[in-house]
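To be precise, the following lines are target34.cif, and they hold mmCIF, C-alpha atoms.
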data_model
loop_
_atom_site.group_PDB
_atom_site.id
_atom_site.type_symbol
_atom_site.label_atom_id
_atom_site.label_comp_id
_atom_site.auth_asym_id
_atom_site.auth_seq_id
_atom_site.Cartn_x
_atom_site.Cartn_y
_atom_site.Cartn_z
ATOM 1 C CA MET W 1 83.039 112.455 134.741
ATOM 2 C CA HIS W 2 80.226 112.790 132.233
ATOM 3 C CA SER W 3 79.340 110.772 129.164
ATOM 4 C CA ARG W 4 81.090 111.734 125.987
ATOM 5 C CA ILE W 5 79.694 111.791 122.467
ATOM 6 C CA ARG W 6 82.511 110.913 120.094
ATOM 7 C CA THR W 7 83.769 113.575 117.717
ATOM 8 C CA ALA W 8 86.006 113.424 114.705
ATOM 9 C CA ALA W 9 88.917 114.209 116.993
ATOM 10 C CA LEU W 10 89.002 110.583 118.134
ATOM 11 C CA ALA W 11 89.544 109.211 114.670
ATOM 12 C CA VAL W 12 92.069 111.885 113.855
ATOM 13 C CA GLY W 13 93.949 111.558 117.133
ATOM 14 C CA LEU W 14 94.311 107.780 116.975
ATOM 15 C CA SER W 15 95.121 107.508 113.270
ATOM 16 C CA LEU W 16 97.909 110.067 113.192
ATOM 17 C CA ALA W 17 101.482 109.014 113.854
ATOM 18 C CA PHE W 18 102.065 108.763 117.584
ATOM 19 C CA ALA W 19 104.216 111.344 119.358
ATOM 20 C CA ALA W 20 105.736 111.437 122.820
ATOM 21 C CA CYS W 21 103.425 112.842 125.478
ATOM 22 C CA ALA W 22 103.813 116.156 127.171
ATOM 23 C CA GLY W 23 103.664 116.124 130.942
ATOM 24 C CA ASP W 24 105.141 113.879 133.576
ATOM 25 C CA HIS W 25 103.208 110.620 133.525
ATOM 26 C CA PRO W 26 105.223 107.934 135.297
ATOM 27 C CA THR W 27 105.189 105.808 132.141
ATOM 28 C CA ASP W 28 105.706 108.481 129.492
ATOM 29 C CA PRO W 29 107.800 107.114 126.617
ATOM 30 C CA GLN W 30 111.282 108.572 126.592
ATOM 31 C CA ASN W 31 112.400 107.401 123.187
ATOM 32 C CA GLY W 32 110.968 109.750 120.604
ATOM 33 C CA ASN W 33 108.137 109.662 118.083
ATOM 34 C CA LEU W 34 106.154 106.480 117.496
ATOM 35 C CA GLN W 35 105.783 105.009 114.019
ATOM 36 C CA THR W 36 104.023 101.910 112.717
ATOM 37 C CA ASN W 37 106.265 100.963 109.842
ATOM 38 C CA LEU W 38 108.180 98.065 111.386
ATOM 39 C CA GLY W 39 107.623 94.396 110.645
ATOM 40 C CA ASN W 40 104.997 93.546 113.269
ATOM 41 C CA ASN W 41 103.095 96.832 112.721
ATOM 42 C CA PHE W 42 103.230 97.820 116.404
ATOM 43 C CA PRO W 43 103.971 101.502 117.029
ATOM 44 C CA GLN W 44 107.662 101.965 117.701
ATOM 45 C CA PRO W 45 110.108 102.621 119.267
ATOM 46 C CA GLY W 46 108.454 101.722 122.568
ATOM 47 C CA PHE W 47 105.317 100.834 124.533
ATOM 48 C CA ASP W 48 104.281 101.766 128.040
ATOM 49 C CA PHE W 49 102.632 98.521 129.111
ATOM 50 C CA LYS W 50 102.277 95.078 127.568
ATOM 51 C CA LEU W 51 99.714 92.428 128.455
ATOM 52 C CA ASN W 52 99.229 88.883 127.123
ATOM 53 C CA LEU W 53 95.828 87.201 127.233
ATOM 54 C CA ILE W 54 96.583 83.476 127.310
ATOM 55 C CA GLY W 55 93.944 80.921 126.387
ATOM 56 C CA VAL W 56 93.821 77.750 128.493
ATOM 57 C CA PRO W 57 91.597 74.672 128.021
ATOM 58 C CA GLN W 58 90.125 74.541 131.536
ATOM 59 C CA ASP W 59 89.524 76.590 134.668
ATOM 60 C CA LYS W 60 92.452 77.550 136.850
ATOM 61 C CA SER W 61 91.899 77.300 140.596
ATOM 62 C CA ALA W 62 95.082 78.944 141.869
ATOM 63 C CA ALA W 63 94.796 82.393 143.449
ATOM 64 C CA MET W 64 96.292 85.015 141.131
ATOM 65 C CA ASP W 65 95.741 88.247 143.030
ATOM 66 C CA ASN W 66 98.501 90.846 143.195
ATOM 67 C CA ASN W 67 101.169 88.652 141.635
ATOM 68 C CA ASN W 68 102.473 91.520 139.494
ATOM 69 C CA GLY W 69 102.264 89.565 136.244
ATOM 70 C CA ARG W 70 101.627 90.958 132.802
ATOM 71 C CA ARG W 71 99.332 88.185 131.644
ATOM 72 C CA ILE W 72 95.728 87.194 132.153
ATOM 73 C CA PHE W 73 94.416 83.666 131.666
ATOM 74 C CA VAL W 74 91.169 83.201 129.729
ATOM 75 C CA LEU W 75 89.282 80.087 128.673
ATOM 76 C CA LEU W 76 90.027 78.909 125.141
ATOM 77 C CA ASP W 77 86.359 78.187 124.485
ATOM 78 C CA ALA W 78 83.930 80.591 126.086
ATOM 79 C CA ASP W 79 80.161 80.880 126.350
ATOM 80 C CA ASN W 80 79.735 84.618 126.854
ATOM 81 C CA GLU W 81 78.554 85.949 123.511
ATOM 82 C CA VAL W 82 77.208 89.495 123.220
ATOM 83 C CA THR W 83 73.772 88.739 121.781
ATOM 84 C CA ASN W 84 72.457 92.309 121.651
ATOM 85 C CA PRO W 85 75.280 94.603 120.434
ATOM 86 C CA GLY W 86 74.621 98.205 121.352
ATOM 87 C CA GLY W 87 71.967 97.271 123.918
ATOM 88 C CA LYS W 88 71.252 95.329 127.092
ATOM 89 C CA ASN W 89 73.047 92.020 127.637
ATOM 90 C CA ASN W 90 71.924 91.044 131.106
ATOM 91 C CA HIS W 91 73.073 87.449 130.656
ATOM 92 C CA LEU W 92 76.573 88.929 131.051
ATOM 93 C CA SER W 93 75.779 90.764 134.287
ATOM 94 C CA LYS W 94 78.322 90.633 137.079
ATOM 95 C CA GLY W 95 77.924 88.013 139.777
ATOM 96 C CA GLY W 96 76.359 84.620 140.056
ATOM 97 C CA GLY W 97 79.465 82.835 138.822
ATOM 98 C CA ASN W 98 78.914 84.057 135.261
ATOM 99 C CA ASP W 99 82.022 86.207 134.947
ATOM 100 C CA GLN W 100 84.337 83.827 133.116
ATOM 101 C CA ASN W 101 86.311 85.615 130.398
ATOM 102 C CA HIS W 102 85.324 88.998 131.774
ATOM 103 C CA ILE W 103 88.255 91.362 132.326
ATOM 104 C CA TYR W 104 86.988 93.943 134.806
ATOM 105 C CA LEU W 105 88.625 97.377 134.738
ATOM 106 C CA CYS W 106 89.748 99.553 137.641
ATOM 107 C CA ASN W 107 90.199 103.298 137.172
ATOM 108 C CA SER W 108 93.778 103.879 138.311
ATOM 109 C CA THR W 109 93.505 107.640 137.753
ATOM 110 C CA ASN W 110 90.816 108.739 140.205
ATOM 111 C CA ASP W 111 88.601 105.730 141.111
ATOM 112 C CA GLU W 112 85.561 107.297 139.399
ATOM 113 C CA GLY W 113 83.125 104.987 137.658
ATOM 114 C CA ASP W 114 85.232 101.877 138.082
ATOM 115 C CA SER W 115 84.551 98.384 139.358
ATOM 116 C CA THR W 116 82.744 97.861 142.644
ATOM 117 C CA ASP W 117 85.405 95.267 143.476
ATOM 118 C CA PRO W 118 87.192 96.500 146.649
ATOM 119 C CA ARG W 119 90.550 95.442 145.205
ATOM 120 C CA CYS W 120 90.365 98.430 142.855
ATOM 121 C CA ALA W 121 90.560 100.882 145.740
ATOM 122 C CA ALA W 122 93.613 99.086 147.078
ATOM 123 C CA TYR W 123 95.589 99.429 143.836
ATOM 124 C CA GLY W 124 98.708 101.472 144.547
ATOM 125 C CA ASN W 125 100.075 102.448 141.121
ATOM 126 C CA PRO W 126 98.261 105.679 140.207
ATOM 127 C CA ASP W 127 97.459 106.557 136.576
ATOM 128 C CA ASN W 128 99.132 103.409 135.331
ATOM 129 C CA TRP W 129 98.392 99.887 134.155
ATOM 130 C CA GLY W 130 98.619 96.734 136.239
ATOM 131 C CA VAL W 131 97.152 93.243 136.574
ATOM 132 C CA ILE W 132 95.340 92.853 139.903
ATOM 133 C CA ASP W 133 93.708 89.448 139.314
ATOM 134 C CA ALA W 134 95.160 87.384 136.466
ATOM 135 C CA ASN W 135 92.508 84.660 136.427
ATOM 136 C CA ALA W 136 89.544 85.212 134.107
ATOM 137 C CA THR W 137 88.713 81.502 134.056
ATOM 138 C CA ASP W 138 87.038 81.470 137.471
ATOM 139 C CA GLY W 139 83.659 82.742 138.596
ATOM 140 C CA ASP W 140 84.593 86.369 139.285
ATOM 141 C CA GLY W 141 86.648 87.218 136.206
ATOM 142 C CA ALA W 142 89.985 89.008 135.991
ATOM 143 C CA LEU W 143 90.803 92.510 137.219
ATOM 144 C CA LEU W 144 92.990 95.011 135.349
ATOM 145 C CA ALA W 145 93.912 98.562 136.357
ATOM 146 C CA VAL W 146 93.964 101.076 133.495
ATOM 147 C CA PRO W 147 94.127 104.885 133.444
ATOM 148 C CA ASP W 148 91.008 106.906 132.753
ATOM 149 C CA PRO W 149 91.351 107.617 129.002
ATOM 150 C CA CYS W 150 89.242 110.802 129.064
ATOM 151 C CA VAL W 151 89.525 112.236 132.557
ATOM 152 C CA GLY W 152 87.723 115.539 133.064
ATOM 153 C CA ASP W 153 86.103 115.856 129.624
ATOM 154 C CA ASP W 154 82.560 117.194 129.401
ATOM 155 C CA SER W 155 79.894 115.154 127.624
ATOM 156 C CA THR W 156 79.309 117.763 124.926
ATOM 157 C CA ASP W 157 82.970 118.148 124.012
ATOM 158 C CA GLY W 158 83.786 114.681 122.735
ATOM 159 C CA CYS W 159 87.035 113.009 123.680
ATOM 160 C CA THR W 160 90.473 112.282 122.333
ATOM 161 C CA PRO W 161 91.769 109.474 124.585
ATOM 162 C CA ARG W 162 95.079 109.975 126.371
ATOM 163 C CA TYR W 163 96.342 106.542 125.356
ATOM 164 C CA ALA W 164 95.909 103.956 122.622
ATOM 165 C CA ILE W 165 95.730 100.160 122.634
ATOM 166 C CA TRP W 166 97.147 97.939 119.906
ATOM 167 C CA ALA W 167 96.643 94.174 119.618
ATOM 168 C CA ARG W 168 98.270 91.246 117.869
ATOM 169 C CA ALA W 169 96.655 87.798 117.746
ATOM 170 C CA ARG W 170 99.546 85.377 117.838
ATOM 171 C CA ALA W 171 98.244 81.792 117.806
ATOM 172 C CA GLY W 172 95.101 79.716 117.527
ATOM 173 C CA GLY W 173 91.552 80.613 116.548
ATOM 174 C CA GLU W 174 89.711 83.873 117.105
ATOM 175 C CA ALA W 175 88.167 85.995 119.847
ATOM 176 C CA PHE W 176 85.540 88.728 119.794
ATOM 177 C CA VAL W 177 86.255 91.473 122.338
ATOM 178 C CA THR W 178 83.584 93.973 123.410
ATOM 179 C CA THR W 179 83.472 96.735 126.007
ATOM 180 C CA CYS W 180 80.545 96.412 128.427
ATOM 181 C CA ALA W 181 79.364 98.040 131.675
ATOM 182 C CA THR W 182 76.515 98.033 134.178
ATOM 183 C CA GLU W 183 74.190 100.946 134.861
ATOM 184 C CA ASP W 184 74.958 102.937 137.976
ATOM 185 C CA GLU W 185 72.993 101.667 140.960
ATOM 186 C CA GLU W 186 71.356 105.065 141.523
ATOM 187 C CA PHE W 187 68.935 104.446 138.656
ATOM 188 C CA ASP W 188 65.762 102.343 138.744
ATOM 189 C CA GLY W 189 67.452 99.390 140.439
ATOM 190 C CA SER W 190 67.568 97.133 137.402
ATOM 191 C CA GLN W 191 71.302 97.737 136.881
ATOM 192 C CA ASP W 192 71.155 96.482 133.318
ATOM 193 C CA THR W 193 74.401 95.447 131.644
ATOM 194 C CA TRP W 194 75.090 97.127 128.294
ATOM 195 C CA CYS W 195 77.609 96.137 125.613
ATOM 196 C CA GLY W 196 78.748 98.191 122.662
ATOM 197 C CA ASP W 197 78.135 97.413 119.018
ATOM 198 C CA ASN W 198 81.765 98.349 118.311
ATOM 199 C CA GLY W 199 83.405 95.092 119.408
ATOM 200 C CA ILE W 200 86.255 93.654 117.380
ATOM 201 C CA LEU W 201 87.062 90.191 116.001
ATOM 202 C CA LEU W 202 90.738 89.300 116.431
ATOM 203 C CA TYR W 203 92.561 86.365 114.827
ATOM 204 C CA PRO W 204 96.096 85.639 113.614
ATOM 205 C CA THR W 205 96.757 87.265 110.263
ATOM 206 C CA HIS W 206 99.513 86.645 107.768
ATOM 207 C CA GLY W 207 102.679 87.950 109.383
ATOM 208 C CA ARG W 208 100.929 88.302 112.762
ATOM 209 C CA LYS W 209 100.352 92.028 112.207
ATOM 210 C CA ALA W 210 99.229 94.309 115.034
ATOM 211 C CA GLN W 211 96.247 96.635 114.749
ATOM 212 C CA ASP W 212 94.844 99.609 116.632
ATOM 213 C CA VAL W 213 91.955 98.382 118.828
ATOM 214 C CA SER W 214 91.363 101.629 120.740
ATOM 215 C CA ASP W 215 87.965 102.105 119.090
ATOM 216 C CA ALA W 216 86.778 98.804 120.582
ATOM 217 C CA LEU W 217 88.423 98.809 124.010
ATOM 218 C CA LEU W 218 88.207 102.423 125.189
ATOM 219 C CA PHE W 219 84.473 102.969 124.767
ATOM 220 C CA MET W 220 81.183 101.248 123.979
ATOM 221 C CA THR W 221 78.716 102.535 121.390
ATOM 222 C CA ILE W 222 75.155 102.021 122.636
ATOM 223 C CA GLN W 223 71.643 103.042 121.590
ATOM 224 C CA VAL W 224 69.475 104.349 124.440
ATOM 225 C CA ASP W 225 65.749 105.036 124.098
ATOM 226 C CA ASP W 226 64.916 107.839 126.507
ATOM 227 C CA SER W 227 61.274 106.730 126.665
ATOM 228 C CA VAL W 228 62.344 103.261 127.882
ATOM 229 C CA ASP W 229 65.354 104.181 130.042
ATOM 230 C CA PRO W 230 64.705 107.809 131.029
ATOM 231 C CA GLU W 231 67.076 107.939 134.027
ATOM 232 C CA LEU W 232 70.012 106.505 132.122
ATOM 233 C CA ALA W 233 69.302 108.736 129.137
ATOM 234 C CA ALA W 234 69.130 111.810 131.379
ATOM 235 C CA CYS W 235 72.473 110.899 132.957
ATOM 236 C CA ILE W 236 74.134 110.500 129.574
ATOM 237 C CA ASP W 237 72.380 113.439 127.931
ATOM 238 C CA PRO W 238 70.631 115.994 130.200
ATOM 239 C CA GLY W 239 68.685 117.186 127.157
ATOM 240 C CA ALA W 240 66.932 113.845 126.689
ATOM 241 C CA ASP W 241 63.173 114.321 127.164
ATOM 242 C CA GLY W 242 61.621 111.026 126.051
ATOM 243 C CA THR W 243 59.623 112.570 123.229
ATOM 244 C CA ASP W 244 61.519 111.798 120.037
ATOM 245 C CA GLY W 245 60.403 108.157 119.879
ATOM 246 C CA ALA W 246 63.736 106.792 118.689
ATOM 247 C CA PRO W 247 66.934 105.615 120.407
ATOM 248 C CA ASP W 248 69.922 107.932 120.438
ATOM 249 C CA GLU W 249 73.468 106.665 119.899
ATOM 250 C CA TYR W 250 76.199 107.437 122.409
ATOM 251 C CA ASP W 251 79.873 106.593 122.757
ATOM 252 C CA ILE W 252 80.420 105.833 126.439
ATOM 253 C CA TYR W 253 84.100 105.998 127.364
ATOM 254 C CA LEU W 254 85.620 103.916 130.126
ATOM 255 C CA PHE W 255 84.679 105.115 133.615
ATOM 256 C CA ASP W 256 81.850 107.379 132.563
ATOM 257 C CA ARG W 257 79.891 108.171 135.729
ATOM 258 C CA CYS W 258 76.609 106.751 134.370
ATOM 259 C CA PHE W 259 77.987 103.192 134.523
ATOM 260 C CA GLU W 260 80.136 100.999 136.752
ATOM 261 C CA ASP W 261 81.832 97.612 136.569
ATOM 262 C CA TYR W 262 83.300 98.243 133.118
ATOM 263 C CA PHE W 263 84.735 95.099 131.549
ATOM 264 C CA TRP W 264 86.074 93.647 128.328
ATOM 265 C CA ASN W 265 83.975 90.665 127.336
ATOM 266 C CA TYR W 266 86.412 88.168 125.823
ATOM 267 C CA ASP W 267 84.312 85.779 123.742
ATOM 268 C CA ASN W 268 86.999 83.266 122.873
ATOM 269 C CA ASN W 269 86.859 80.645 120.161
ATOM 270 C CA GLY W 270 90.306 79.098 120.370
ATOM 271 C CA LEU W 271 92.619 82.128 120.362
ATOM 272 C CA LYS W 272 95.641 81.009 122.390
ATOM 273 C CA ASN W 273 97.543 84.265 122.756
ATOM 274 C CA LEU W 274 96.514 87.887 122.272
ATOM 275 C CA GLU W 275 99.184 90.512 122.891
ATOM 276 C CA LEU W 276 98.034 93.990 123.913
ATOM 277 C CA ARG W 277 100.327 97.023 124.006
ATOM 278 C CA PHE W 278 99.399 100.345 125.561
ATOM 279 C CA TYR W 279 100.848 103.713 124.493
ATOM 280 C CA TRP W 280 100.475 107.189 125.948
ATOM 281 C CA VAL W 281 99.552 109.552 123.137
ATOM 282 C CA PRO W 282 99.089 113.336 123.098
ATOM 283 C CA VAL W 283 95.650 114.963 123.197
ATOM 284 C CA LEU W 284 95.459 116.584 119.769
#
File written out as structure tokens:
Amino acid sequence: MHSRIRTAALAVGLSLAFAACAGDHPTDPQNGNLQTNLGNNFPQPGFDFKLNLIGVPQDKSAAMDNNNGRRIFVLLDADNEVTNPGGKNNHLSKGGGNDQNHIYLCNSTNDEGDSTDPRCAAYGNPDNWGVIDANATDGDGALLAVPDPCVGDDSTDGCTPRYAIWARARAGGEAFVTTCATEDEEFDGSQDTWCGDNGILLYPTHGRKAQDVSDALLFMTIQVDDSVDPELAACIDPGADGTDGAPDEYDIYLFDRCFEDYFWNYDNNGLKNLELRFYWVPVL
């Protein structure tokens, strides 16, 4: 799957009232049109998957692989700040015991562009969501299966994601969540880690209202200088020639083939519980 440059269709598709999907996804909502006018502001009358990110004060040592839960444990106070939004953040690179509060993402649709973790390939719930490793407090982070939001789209066509993500911060302080990924290994060998400049700060609001976080969690907005990173730029945009002298901005959706090891960087500052709900939506 190629890189996608965002079009106005994304904003339109995710801001309109939700409707039931066409097709036969195993988790398609069966209960009519979705609206956001109820008390907690979540789209109603149903969600397709719910996940709680639970802040804990210290590392957990228990194995949490394949326990079929719908929660992931993160450290209450993290040290994984994105210091260069929209660019390289190699201090967050995978490995070396530096993956605390990283939620790595497996492509449950077709395995393209997902984590190099072998547990992704073993996931047996196609085109669906599921927690594979619930412990983000240890050295290798958590692991979450999610569908490819933009399967099959060409880079020049933009993308309207197939599903949306809404979040509600329920207790405690705040957390800044950013989508990141590592360059595909076929490039110059540096395998730089990039993080978007479209991260989102989440904290409990009056009434604990939910909000649409799809723009932060389904893609990363980065600026790539084709004279500095010519191979990456050529993968994202075959027309890049290294002569314009200025970085170009791209919206890289989850599981784009130019990157691997996509993850949500959960920079936590005391948020005890973040509830995420996932909804299939139509491609408009």
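Checking W:Ala142, W:Ala181, W:Leu202, W:Ala216 one by one against W:Gln100, counting only C-alpha atoms, you find the shortest gap at W:Ala142.
Residues surrounding stretch 184-192 of chain W within 9 Å are W:Lys88, W:Asn89, W:Asn90, W:Ser93, W:Gly113, W:Ala181, W:Thr182, W:Trp194, W:Asp229, W:Glu231, W:Leu232, W:Arg257, W:Cys258, W:Phe259, W:Glu260, W:Asp261 [only C-alpha atoms; sequence separation below 2 positions excluded].
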Exercise. Tell me which residues the PyMOL selection byres ((chain W and resi 167) around 6) grabs here, as a list in words.
Key: Trp166, Arg168, Ala210, Gln211, Glu275 and Leu276 of chain W
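Among the candidates W:Gly86, W:Gly130, W:Gly95, W:Gly245, the one nearest to W:Asp48 when counting all atoms listed in the file is W:Gly130.
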Quiz item: How many Å lie between atom CA of W:Arg119 and atom CA of W:Phe73, rounded to one decimal?
Solution: 18.4 Å
Exercise. Identify the residues around (98.3, 96.9, 135.4) within a radius of 8 Å, measuring from all atoms listed in the file in the coordinates stated by the file, and give them as a VMD selection string.
Key: chain W and resid 49 68 70 128 to 132 144 to 146
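Across the model, the gap from atom CA of W:Tyr250 to atom CA of W:Ser227 is 15.5 Å.
In this comparison, which uses only C-alpha atoms, the residue of W:Lys50, W:Thr137, W:Pro126, W:Tyr203 approaching W:Ile165 most closely is W:Lys50.
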Quick one: apply the PyMOL selection byres ((chain W and resi 175) around 10) to the file and drop the selected residues here as a compact mmCIF listing (two decimals) with C-alpha atoms, in the frame of the given file.
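part33.txt written:
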# COMPACT_ATOMS: atom_id res chain seq x y z
CA LEU W 76 90.03 78.91 125.14
CA ASP W 77 86.36 78.19 124.48
CA ALA W 78 83.93 80.59 126.09
CA ALA W 169 96.66 87.80 117.75
CA GLY W 172 95.10 79.72 117.53
CA GLY W 173 91.55 80.61 116.55
CA GLU W 174 89.71 83.87 117.10
CA PHE W 176 85.54 88.73 119.79
CA VAL W 177 86.26 91.47 122.34
CA THR W 178 83.58 93.97 123.41
CA ILE W 200 86.26 93.65 117.38
CA LEU W 201 87.06 90.19 116.00
CA LEU W 202 90.74 89.30 116.43
CA TYR W 203 92.56 86.36 114.83
CA ASN W 265 83.98 90.66 127.34
CA TYR W 266 86.41 88.17 125.82
CA ASP W 267 84.31 85.78 123.74
CA ASN W 268 87.00 83.27 122.87
CA ASN W 269 86.86 80.64 120.16
CA GLY W 270 90.31 79.10 120.37
CA LEU W 271 92.62 82.13 120.36
CA LYS W 272 95.64 81.01 122.39
CA ASN W 273 97.54 84.26 122.76
CA LEU W 274 96.51 87.89 122.27
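Selection by the PyMOL selection byres ((chain W and resi 209) around 6) on the present file picks out Asn40, Asn41, Gly207, Arg208 and Ala210 of chain W.
Each of W:Leu143, W:Asp114, W:Arg71, W:Ala164 was compared to W:Tyr279 using only C-alpha atoms, and W:Ala164 turns out to be the nearest.
Between atom CA of W:Glu112 and atom CA of W:Glu249 there is a distance of 23.0 Å.
Considering the residues W:Pro43, W:Gly141, W:Pro85, W:Pro161 and counting all atoms listed in the file, W:Gly196 has its shortest atom-to-atom contact with W:Pro85.
With all atoms listed in the file as the basis for measurement, W:Phe219 is the residue among W:Phe219, W:Phe47, W:Phe42, W:Tyr123 that approaches W:Phe263 most closely.
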